[in-house]
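Asks: Handing over data_16.cif, mmCIF, C-alpha atoms and all ligand atoms.
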data_structure
loop_
_atom_site.label_atom_id
_atom_site.label_comp_id
_atom_site.auth_asym_id
_atom_site.auth_seq_id
_atom_site.Cartn_x
_atom_site.Cartn_y
_atom_site.Cartn_z
CA MET C 1 -21.52 -16.33 -27.21
CA ILE C 2 -18.07 -15.07 -28.06
CA LYS C 3 -14.92 -17.14 -28.40
CA THR C 4 -12.89 -17.02 -25.21
CA LYS C 5 -9.15 -17.52 -25.59
CA ILE C 6 -7.57 -19.27 -22.61
CA ILE C 7 -3.82 -18.85 -22.17
CA LYS C 8 -1.45 -20.04 -19.46
CA ILE C 9 0.99 -17.41 -18.23
CA SER C 10 3.74 -17.87 -15.67
CA GLN C 11 3.00 -16.02 -12.41
CA ASP C 12 6.71 -15.71 -11.59
CA ALA C 13 7.96 -14.65 -15.02
CA PRO C 14 5.05 -13.62 -17.27
CA GLU C 15 5.94 -14.30 -20.92
CA PRO C 16 6.05 -10.88 -22.70
CA SER C 17 4.52 -12.16 -25.96
CA LYS C 18 1.52 -13.59 -24.13
CA ILE C 19 1.06 -10.44 -22.05
CA ARG C 20 1.18 -8.48 -25.30
CA SER C 21 -1.71 -10.46 -26.79
CA ALA C 22 -3.81 -9.80 -23.70
CA ALA C 23 -2.86 -6.12 -23.67
CA VAL C 24 -4.03 -5.74 -27.27
CA ILE C 25 -7.50 -6.90 -26.22
CA ILE C 26 -7.64 -4.36 -23.37
CA LYS C 27 -6.49 -1.57 -25.71
CA LYS C 28 -9.21 -2.47 -28.21
CA GLY C 29 -11.92 -2.28 -25.54
CA GLY C 30 -12.25 -6.03 -24.89
CA LEU C 31 -12.42 -8.06 -21.66
CA VAL C 32 -9.56 -10.07 -20.13
CA ALA C 33 -9.78 -12.07 -16.89
CA PHE C 34 -6.44 -12.14 -15.09
CA PRO C 35 -5.05 -13.32 -11.76
CA THR C 36 -4.14 -10.95 -8.96
CA GLU C 37 -2.68 -11.95 -5.58
CA THR C 38 -6.20 -11.80 -4.07
CA VAL C 39 -8.68 -13.24 -6.59
CA TYR C 40 -9.07 -13.22 -10.38
CA GLY C 41 -10.26 -9.92 -11.85
CA LEU C 42 -12.28 -9.19 -15.00
CA GLY C 43 -10.45 -6.32 -16.66
CA ALA C 44 -11.28 -3.61 -19.18
CA ASP C 45 -9.86 -0.19 -20.09
CA ALA C 46 -11.08 1.91 -17.15
CA LEU C 47 -11.42 5.14 -19.07
CA ASN C 48 -13.42 3.60 -21.92
CA PRO C 49 -17.11 3.56 -20.84
CA GLU C 50 -18.13 1.16 -23.64
CA ALA C 51 -15.50 -1.35 -22.51
CA VAL C 52 -16.52 -0.98 -18.86
CA LYS C 53 -20.16 -1.55 -19.79
CA LYS C 54 -19.18 -4.99 -21.09
CA ILE C 55 -17.92 -5.93 -17.61
CA PHE C 56 -21.35 -5.29 -16.08
CA ASN C 57 -23.03 -7.30 -18.85
CA ALA C 58 -20.68 -10.29 -18.65
CA LYS C 59 -21.05 -10.53 -14.87
CA ALA C 60 -24.74 -9.55 -14.75
CA ARG C 61 -23.62 -7.02 -12.14
CA PRO C 62 -26.00 -4.25 -10.98
CA ALA C 63 -24.93 -0.88 -12.39
CA ASP C 64 -24.88 0.79 -8.96
CA ASN C 65 -22.04 -1.40 -7.71
CA PRO C 66 -18.83 0.49 -8.57
CA LEU C 67 -15.54 -0.97 -9.81
CA ILE C 68 -11.94 -0.79 -8.58
CA ILE C 69 -9.41 0.84 -10.93
CA HIS C 70 -6.09 -1.05 -11.01
CA ILE C 71 -2.88 0.88 -11.61
CA ALA C 72 0.77 -0.13 -11.98
CA GLU C 73 2.47 2.97 -10.57
CA LYS C 74 1.61 5.08 -7.56
CA LYS C 75 1.79 8.32 -9.54
CA GLN C 76 -1.22 7.22 -11.61
CA VAL C 77 -3.38 7.87 -8.55
CA TYR C 78 -3.10 11.62 -9.08
CA GLU C 79 -4.63 11.32 -12.57
CA ILE C 80 -7.86 9.84 -11.28
CA ALA C 81 -8.12 11.09 -7.68
CA GLU C 82 -8.87 14.70 -6.87
CA LYS C 83 -7.54 14.94 -3.37
CA VAL C 84 -4.96 12.55 -2.03
CA PRO C 85 -4.60 13.08 1.73
CA LYS C 86 -1.21 12.51 3.36
CA ALA C 87 -2.69 9.57 5.27
CA ALA C 88 -3.66 7.90 1.97
CA GLU C 89 -0.12 8.37 0.68
CA LYS C 90 1.15 6.72 3.83
CA LEU C 91 -1.00 3.66 3.06
CA MET C 92 0.12 3.64 -0.59
CA ASN C 93 3.76 3.65 0.49
CA LYS C 94 3.26 0.98 3.10
CA PHE C 95 0.91 -1.47 1.37
CA TRP C 96 1.24 -0.98 -2.41
CA PRO C 97 1.70 -2.99 -4.45
CA GLY C 98 -0.62 -5.26 -2.51
CA PRO C 99 -4.11 -6.24 -1.37
CA LEU C 100 -5.37 -2.80 -0.34
CA THR C 101 -7.96 -0.70 -2.21
CA ILE C 102 -8.15 2.99 -1.35
CA ILE C 103 -11.27 5.10 -2.00
CA LEU C 104 -10.64 8.77 -2.84
CA LYS C 105 -12.52 11.71 -4.39
CA LYS C 106 -12.48 11.23 -8.16
CA THR C 107 -11.43 13.57 -10.95
CA GLY C 108 -13.54 14.31 -14.01
CA LYS C 109 -11.47 11.79 -15.97
CA VAL C 110 -13.20 8.83 -14.31
CA PRO C 111 -16.39 7.86 -16.14
CA SER C 112 -19.45 7.65 -13.90
CA ILE C 113 -20.11 4.07 -15.05
CA ILE C 114 -17.03 3.04 -13.00
CA THR C 115 -18.19 4.69 -9.79
CA GLY C 116 -21.89 3.95 -10.07
CA GLY C 117 -22.47 7.69 -10.17
CA LEU C 118 -20.58 8.32 -6.90
CA GLY C 119 -18.05 11.12 -6.55
CA LYS C 120 -15.44 8.68 -5.25
CA VAL C 121 -13.21 6.16 -6.95
CA ALA C 122 -11.65 2.95 -5.60
CA ILE C 123 -7.99 2.41 -6.59
CA ARG C 124 -5.60 -0.49 -6.10
CA MET C 125 -2.06 -1.30 -7.21
CA PRO C 126 -1.91 -5.10 -7.22
CA LYS C 127 1.25 -7.10 -6.50
CA SER C 128 0.73 -9.92 -9.00
CA LYS C 129 3.36 -9.77 -11.76
CA ILE C 130 0.82 -10.78 -14.39
CA ALA C 131 -1.57 -8.00 -13.34
CA LEU C 132 1.19 -5.38 -13.27
CA ALA C 133 2.58 -6.49 -16.63
CA LEU C 134 -0.88 -6.35 -18.20
CA ILE C 135 -1.57 -2.84 -16.90
CA ASN C 136 1.86 -1.63 -18.03
CA LYS C 137 1.78 -3.24 -21.45
CA SER C 138 -1.74 -2.05 -22.24
CA GLY C 139 -0.82 1.50 -21.24
CA LYS C 140 -4.27 1.70 -19.61
CA LYS C 141 -5.64 1.77 -16.12
CA ILE C 142 -7.70 -1.37 -15.73
CA ALA C 143 -11.14 -1.53 -14.14
CA ALA C 144 -11.66 -4.96 -12.65
CA PRO C 145 -14.22 -6.51 -10.35
CA SER C 146 -13.76 -10.11 -9.26
CA ALA C 147 -14.17 -12.36 -12.32
CA ASN C 148 -17.22 -14.32 -11.11
CA SER C 149 -20.84 -14.14 -12.16
CA PHE C 150 -22.71 -11.81 -9.84
CA GLY C 151 -23.48 -13.44 -6.48
CA ARG C 152 -21.10 -16.39 -6.96
CA PRO C 153 -17.92 -16.84 -4.91
CA SER C 154 -14.93 -14.85 -6.19
CA PRO C 155 -12.68 -16.99 -8.41
CA THR C 156 -9.34 -18.13 -7.03
CA SER C 157 -8.36 -20.20 -10.09
CA ALA C 158 -8.75 -19.91 -13.85
CA GLN C 159 -11.05 -22.94 -13.71
CA HIS C 160 -13.53 -20.93 -11.61
CA VAL C 161 -13.47 -18.09 -14.16
CA ILE C 162 -13.99 -20.54 -17.02
CA LEU C 163 -17.08 -21.95 -15.28
CA ASP C 164 -18.64 -18.50 -14.82
CA LEU C 165 -17.51 -16.48 -17.84
CA LYS C 166 -16.36 -18.67 -20.73
CA GLY C 167 -18.21 -17.55 -23.86
CA LYS C 168 -18.85 -14.09 -22.42
CA ILE C 169 -15.37 -12.52 -22.46
CA ASP C 170 -12.42 -12.35 -24.88
CA MET C 171 -9.63 -13.94 -22.85
CA ILE C 172 -8.89 -15.77 -19.62
CA ILE C 173 -5.29 -15.75 -18.37
CA ASP C 174 -4.53 -18.88 -16.38
CA GLY C 175 -1.89 -17.98 -13.80
CA GLY C 176 -2.67 -20.76 -11.34
CA ASN C 177 -4.21 -20.43 -7.90
CA THR C 178 -4.26 -17.01 -6.26
CA GLU C 179 -2.11 -16.52 -3.19
CA ILE C 180 -4.53 -14.90 -0.72
CA GLY C 181 -7.93 -16.19 -1.79
CA LEU C 182 -10.07 -13.29 -0.49
CA GLU C 183 -10.64 -9.90 -2.14
CA SER C 184 -8.58 -6.85 -1.16
CA THR C 185 -9.16 -4.75 1.93
CA VAL C 186 -11.18 -1.63 1.01
CA ILE C 187 -10.74 1.61 2.98
CA ASP C 188 -12.44 4.94 2.34
CA MET C 189 -9.87 7.72 2.77
CA SER C 190 -12.13 10.47 1.41
CA THR C 191 -13.89 10.92 4.76
CA ALA C 192 -12.66 12.85 7.84
CA THR C 193 -12.01 9.56 9.63
CA PRO C 194 -11.03 6.56 7.46
CA VAL C 195 -13.73 3.90 7.12
CA LEU C 196 -12.97 0.22 6.61
CA MET C 197 -15.50 -0.92 4.00
CA ARG C 198 -14.26 -4.46 3.40
CA PRO C 199 -11.76 -6.39 5.54
CA GLY C 200 -9.00 -8.33 3.82
CA LYS C 201 -5.39 -9.43 4.02
CA VAL C 202 -4.24 -5.93 5.04
CA THR C 203 -5.79 -6.12 8.49
CA LEU C 204 -7.65 -3.57 10.59
CA GLU C 205 -4.84 -3.77 13.13
CA GLN C 206 -2.26 -2.90 10.44
CA LEU C 207 -4.39 0.03 9.24
CA GLU C 208 -4.86 1.35 12.77
CA GLU C 209 -1.13 1.21 13.28
CA GLN C 210 -0.70 3.58 10.31
CA LEU C 211 -3.77 5.77 10.76
CA GLY C 212 -4.79 5.76 14.38
CA ARG C 213 -8.59 5.65 14.41
CA VAL C 214 -10.39 3.67 11.73
CA ILE C 215 -14.17 3.32 11.68
CA VAL C 216 -15.32 -0.21 10.91
CA HIS C 217 -18.41 -0.12 8.73
CA PRO C 218 -21.21 -1.79 10.77
CA ALA C 219 -22.20 -4.06 7.88
CA ILE C 220 -18.81 -5.79 8.14
CA LEU C 221 -19.68 -7.11 11.55
CA GLY C 222 -23.07 -8.26 10.36
CA LYS C 223 -24.87 -5.54 12.34
CA LYS C 224 -28.31 -4.82 10.97
CA LYS C 225 -28.34 -1.36 9.50
CA LYS C 226 -29.93 0.04 6.41
CA VAL C 227 -26.97 0.78 4.19
CA ARG C 228 -27.35 4.03 2.32
CA ILE C 229 -26.42 3.67 -1.34
CA ALA C 230 -24.01 6.59 -1.34
CA GLU C 231 -22.17 5.01 1.56
CA SER C 232 -21.31 1.71 0.03
CA PRO C 233 -23.15 0.03 -2.78
CA GLY C 234 -21.35 -3.30 -2.48
CA LEU C 235 -22.29 -3.86 1.14
CA LYS C 236 -25.98 -4.39 0.50
CA TYR C 237 -25.61 -7.40 -1.75
CA LYS C 238 -25.45 -11.00 -0.64
CA HIS C 239 -22.24 -12.41 -1.99
CA TYR C 240 -19.92 -15.33 -2.29
CA ALA C 241 -22.62 -17.87 -1.70
CA PRO C 242 -22.40 -21.58 -2.45
CA ARG C 243 -25.56 -23.13 -3.88
CA ALA C 244 -26.36 -25.10 -0.72
CA GLU C 245 -27.59 -23.50 2.48
CA LEU C 246 -24.69 -22.37 4.66
CA VAL C 247 -24.84 -22.60 8.45
CA LEU C 248 -22.15 -20.67 10.30
CA VAL C 249 -21.39 -21.87 13.82
CA TYR C 250 -19.20 -19.53 15.84
CA GLY C 251 -18.30 -18.48 19.37
CA SER C 252 -16.76 -20.54 22.14
CA LYS C 253 -14.03 -22.69 20.59
CA SER C 254 -14.55 -25.57 22.98
CA ARG C 255 -18.24 -25.93 22.08
CA ILE C 256 -18.20 -25.50 18.31
CA LYS C 257 -17.45 -29.09 17.35
CA GLU C 258 -20.23 -30.55 19.45
CA LYS C 259 -22.74 -27.97 18.20
CA MET C 260 -21.78 -28.57 14.57
CA GLN C 261 -22.31 -32.30 14.95
CA GLN C 262 -25.66 -31.73 16.62
CA ILE C 263 -26.83 -29.47 13.80
CA ALA C 264 -25.55 -31.97 11.23
CA ASP C 265 -27.50 -34.77 12.94
CA ASP C 266 -30.68 -32.67 12.97
CA TYR C 267 -30.49 -32.01 9.24
CA ARG C 268 -29.63 -35.60 8.43
CA ASN C 269 -32.57 -36.83 10.50
CA LYS C 270 -34.74 -34.71 8.24
CA GLY C 271 -33.27 -36.45 5.20
CA LYS C 272 -30.92 -33.64 4.17
CA LYS C 273 -27.41 -34.27 2.88
CA VAL C 274 -24.87 -32.44 5.01
CA GLY C 275 -21.41 -31.13 4.20
CA ILE C 276 -18.96 -29.79 6.76
CA ILE C 277 -16.04 -27.38 6.49
CA SER C 278 -13.73 -28.09 9.38
CA CYS C 279 -10.74 -26.11 10.58
CA SER C 280 -9.34 -28.75 12.83
CA LYS C 281 -7.85 -32.00 11.52
CA SER C 282 -8.44 -33.62 14.88
CA HIS C 283 -12.20 -33.08 14.75
CA CYS C 284 -14.05 -36.03 13.24
CA TYR C 285 -17.58 -35.52 12.01
CA ALA C 286 -20.35 -37.84 10.92
CA ALA C 287 -21.63 -36.14 7.74
CA ASP C 288 -22.04 -36.82 4.02
CA CYS C 289 -18.96 -34.85 2.98
CA VAL C 290 -16.26 -33.28 5.16
CA LYS C 291 -13.65 -30.86 3.82
CA PHE C 292 -10.69 -29.47 5.72
CA ALA C 293 -9.87 -25.77 5.42
CA GLY C 294 -6.50 -25.93 7.15
CA ASN C 295 -5.87 -24.82 10.69
CA THR C 296 -4.63 -21.27 10.15
CA GLN C 297 -6.64 -18.21 9.16
CA GLU C 298 -4.39 -17.90 6.10
CA SER C 299 -5.26 -21.36 4.83
CA PHE C 300 -8.96 -20.81 5.63
CA ALA C 301 -8.91 -17.58 3.59
CA LYS C 302 -7.05 -19.18 0.73
CA CYS C 303 -9.37 -22.14 0.23
CA LEU C 304 -12.77 -20.83 1.38
CA PHE C 305 -14.21 -19.77 -2.00
CA SER C 306 -12.71 -22.80 -3.66
CA LEU C 307 -14.38 -25.09 -1.10
CA PHE C 308 -17.74 -23.39 -1.74
CA ARG C 309 -17.34 -24.23 -5.41
CA GLU C 310 -16.25 -27.80 -4.63
CA PHE C 311 -19.41 -28.27 -2.59
CA ASP C 312 -21.41 -27.01 -5.56
CA LYS C 313 -20.30 -30.15 -7.39
CA THR C 314 -21.69 -32.40 -4.65
CA ASP C 315 -25.34 -33.02 -3.78
CA VAL C 316 -25.22 -31.64 -0.24
CA ASP C 317 -28.22 -29.54 0.79
CA VAL C 318 -26.55 -27.86 3.74
CA ILE C 319 -22.96 -26.90 4.53
CA ILE C 320 -22.00 -26.35 8.15
CA VAL C 321 -18.88 -24.27 8.71
CA SER C 322 -17.04 -23.32 11.87
CA GLY C 323 -16.25 -19.67 12.47
CA THR C 324 -12.90 -18.21 13.41
CA GLU C 325 -11.82 -15.45 15.77
CA GLU C 326 -12.71 -12.00 14.41
CA LYS C 327 -9.19 -10.65 14.66
CA SER C 328 -6.50 -10.05 12.10
CA LEU C 329 -7.30 -11.96 8.87
CA GLY C 330 -10.15 -13.65 10.77
CA LEU C 331 -12.20 -10.46 10.44
CA ALA C 332 -12.16 -10.91 6.65
CA VAL C 333 -12.88 -14.64 6.80
CA MET C 334 -15.84 -14.11 9.14
CA ASN C 335 -17.14 -11.23 7.00
CA ARG C 336 -17.27 -13.49 3.91
CA LEU C 337 -18.80 -16.33 5.92
CA ARG C 338 -21.52 -14.08 7.35
CA LYS C 339 -22.36 -12.75 3.90
CA ALA C 340 -22.64 -16.22 2.44
CA SER C 341 -24.53 -17.85 5.30
CA THR C 342 -28.24 -18.46 5.50
CA ARG C 343 -28.20 -19.29 9.21
CA LEU C 344 -25.94 -18.17 12.07
CA VAL C 345 -25.55 -20.14 15.30
CA LYS C 346 -23.63 -18.65 18.21
CA VAL C 347 -22.39 -21.03 20.91
O1 LIG U 1 -9.10 -8.03 -4.57
C1 LIG U 1 -9.91 -7.32 -5.17
O2 LIG U 1 -10.27 -6.21 -4.74
C2 LIG U 1 -10.44 -7.82 -6.51
C3 LIG U 1 -9.28 -7.89 -7.49
C4 LIG U 1 -9.71 -8.27 -8.87
O3 LIG U 1 -8.59 -6.67 -7.47
N1 LIG U 1 -11.51 -7.00 -6.97
C5 LIG U 1 -12.73 -6.98 -6.40
O4 LIG U 1 -13.62 -6.13 -7.01
O5 LIG U 1 -13.01 -7.64 -5.43
P1 LIG U 1 -15.19 -6.17 -6.71
O6 LIG U 1 -15.79 -5.26 -7.71
O7 LIG U 1 -15.67 -7.56 -6.72
O8 LIG U 1 -15.32 -5.50 -5.30
C6 LIG U 1 -15.11 -4.10 -5.16
C7 LIG U 1 -15.76 -3.59 -3.92
C8 LIG U 1 -17.27 -3.63 -4.01
O9 LIG U 1 -17.80 -4.00 -2.75
C9 LIG U 1 -17.63 -2.18 -4.35
O10 LIG U 1 -18.92 -1.84 -3.90
C10 LIG U 1 -16.54 -1.42 -3.63
O11 LIG U 1 -15.38 -2.21 -3.75
N2 LIG U 1 -16.30 -0.12 -4.28
C11 LIG U 1 -15.74 0.11 -5.49
N3 LIG U 1 -15.73 1.42 -5.78
C12 LIG U 1 -16.29 2.04 -4.74
C13 LIG U 1 -16.59 3.40 -4.44
N4 LIG U 1 -16.30 4.38 -5.28
N5 LIG U 1 -17.19 3.68 -3.26
C14 LIG U 1 -17.51 2.70 -2.39
N6 LIG U 1 -17.25 1.38 -2.61
C15 LIG U 1 -16.65 1.07 -3.76
MG MG U 2 -16.78 -9.18 -6.36
#
Go ahead and express the file in the form of structure tokens.

Replies:
Amino acid sequence: MIKTKIIKISQDAPEPSKIRSAAVIIKKGGLVAFPTETVYGLGADALNPEAVKKIFNAKARPADNPLIIHIAEKKQVYEIAEKVPKAAEKLMNKFWPGPLTIILKKTGKVPSIITGGLGKVAIRMPKSKIALALINKSGKKIAAPSANSFGRPSPTSAQHVILDLKGKIDMIIDGGNTEIGLESTVIDMSTATPVLMRPGKVTLEQLEEQLGRVIVHPAILGKKKKVRIAESPGLKYKHYAPRAELVLVYGSKSRIKEKMQQIADDYRNKGKKVGIISCSKSHCYAADCVKFAGNTQESFAKCLFSLFREFDKTDVDVIIVSGTEEKSLGLAVMNRLRKASTRLVKV
């Protein structure tokens, strides 16, 4: 156990003295959890392999799952990426700072512990003022996965990070709830045709508008396919899961409510406690615990991981959740739901 300092920092106007104390830890090779606009990240000096190793230990993360390097200025890309295609620069100019991670061929500067031995590196310039200030003040590029224990939902508040990592890292910056709630979009720009590896707030439609053709990795759509390690290490792991079983009901909008209730009744008849995540205030369910995720894809994205963690505090055995249309931000929401679910029901 190590002593974890927890400090509150303003998201709108980060206090310089507090940022400085966090930056000192990064410089010395320690671990700081900090908010970004997507989810909280667990940061360390990206070019210090010993510091990066601590990230994997604190999270119990498999070594073959590579990390994103966070930068504060676009020009830093050229220090860690070997080839930066024009199309990647177009994305950087359009979406950075923001929730987009770009994969490029790496330079020799990037330690192999960051990339899981791959020849490519994932890079993102976040929008959060706290994240940018921390990167700037430390004078380092910061490697940061989501600040959860491996397999748990990504943290969208400091409280979530405290639950998973207190006693294992040096500092947790509390900057309130994150704005987006789902991890960044990840696109591989090192291939002849760009490949969407993880959907997020920067949508497929927005990327296609900039790039023309984008290949959607089959694993995103839940298609069964043996994922080769070199292709994408992260895709093979189950993620984001609440402790209870998760049943995802999706398809025809008009039939979802009825089907969800029927499934809830079946479980309850077998003596199971049932929770429901509903996206429509007008739908009433008979269940042991019903939580509302808002009726837009934005609100669904923002509260999804937090709801998973809220259900962890209840005694429900099963959570039934309604799907959303796989368009725009809905592609990201459905991707996370598929990955977390133990049973899928199409209506
Ligand atoms: O929003 C986010 O992206 C957050 C915040 C903290 O920035 N970070 C985050 O990191 O979600 P993480 O490590 O939880 O997810 C990174 C994903 C993983 O699926 C990983 O496999 C993939 O990006 N990735 C990282 N480097 C890669 C590489 N070189 N090649 C292929 N995939 C890579
Ligand atoms: Mg993660």

Asks: Quote the spacing between atom O6 of ligand LIG 1 (chain U) and CA of Ser17 (chain C) in Å to one decimal place.

Replies: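 Atom-to-atom, atom O6 of ligand LIG 1 (chain U) and CA of Ser17 (chain C) are spaced 28.2 Å apart.
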
Asks: Using only C-alpha atoms and all ligand atoms, I'd like a table of the residues in chain C that come within 6 Å of ligand LIG 1 (chain U); for each, show the closest atom pair and its distance in Å rounded to one decimal, ordered by chain and ascending number, as a Markdown table.

Replies:
| residue | atom | partner | partner_atom | distance |
| --- | --- | --- | --- | --- |
| C:Thr38 | CA | U:LIG1 | O1 | 4.8 |
| C:Val39 | CA | U:LIG1 | C3 | 5.5 |
| C:Tyr40 | CA | U:LIG1 | C4 | 5.2 |
| C:Gly41 | CA | U:LIG1 | C4 | 3.5 |
| C:Asn65 | CA | U:LIG1 | O10 | 4.9 |
| C:Pro66 | CA | U:LIG1 | N3 | 4.3 |
| C:Leu67 | CA | U:LIG1 | C11 | 4.5 |
| C:Ile68 | CA | U:LIG1 | C11 | 5.0 |
| C:Thr115 | CA | U:LIG1 | N4 | 4.9 |
| C:Lys120 | CA | U:LIG1 | N4 | 4.4 |
| C:Val121 | CA | U:LIG1 | N4 | 3.9 |
| C:Ala122 | CA | U:LIG1 | N3 | 4.4 |
| C:Ala144 | CA | U:LIG1 | C4 | 5.4 |
| C:Pro145 | CA | U:LIG1 | O6 | 3.3 |
| C:Ser146 | CA | U:LIG1 | O7 | 4.1 |
| C:Glu183 | CA | U:LIG1 | O1 | 3.4 |
| C:Ser184 | CA | U:LIG1 | O1 | 3.6 |
| C:Ser232 | CA | U:LIG1 | C14 | 4.6 |
| C:Pro233 | CA | U:LIG1 | O10 | 4.8 |
| C:Gly234 | CA | U:LIG1 | O10 | 3.2 |
| C:Leu235 | CA | U:LIG1 | O9 | 5.9 |

Asks: Just the number, please: distance in Å from CA of Ala22 (chain C) to CA of Ala147 (chain C), one decimal.

Replies: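 Going from CA of Ala22 (chain C) over to CA of Ala147 (chain C), I get 15.6 Å.
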
Asks: Ranking C:Leu31, C:Ala241, C:Ile142, C:Val249 by minimum distance to ligand MG 2 (chain U) and counting all atoms listed in the file, which one comes first?

Replies: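 Among C:Leu31, C:Ala241, C:Ile142, C:Val249, it is C:Ala241 that comes nearest to ligand MG 2 (chain U).
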
Asks: Would you compute the box with edges along x, y and z of the file around region 87-103 of chain C, including every atom the file lists for it and 5 Å extra on each side, and give its centre and edge lengths in Å to one decimal, as lines of an AutoDock Vina configuration file?

Replies:
center_x = -3.8
center_y = 1.7
center_z = 0.4
size_x = 25.0
size_y = 25.8
size_z = 19.7

Asks: Could you check which of C:Ser190, C:Thr4, C:Thr324, C:Ser112 is closest to Ile172 (chain C), using only C-alpha atoms?

Replies: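 With only C-alpha atoms as the atom set, the closest residue is C:Thr4.
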
Asks: Which residue gives the smallest distance to ligand MG 2 (chain U) among C:Asn48, C:Ile19, C:Leu182, C:Glu89, with all atoms listed in the file counted?

Replies: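 Looking at the shortest contact to ligand MG 2 (chain U), the residue is C:Leu182.
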
Asks: Please provide as JSON, numbers by chain all residues within 9 Å of Pro16 (chain C), with the sequence filter that same-chain residues fewer than 4 positions apart are discarded (counting all atoms listed in the file).

Replies: {"C": [20, 21, 133, 137]}

Asks: As a list in words, please: the residues near region 279-285 of chain C (cut-off 6 Å, all atoms listed in the file, same-chain neighbours under 4 positions excluded).

Replies: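 Here the qualifying residues turn out to be Phe292, Ala293, Gly294 and Asn295 of chain C.
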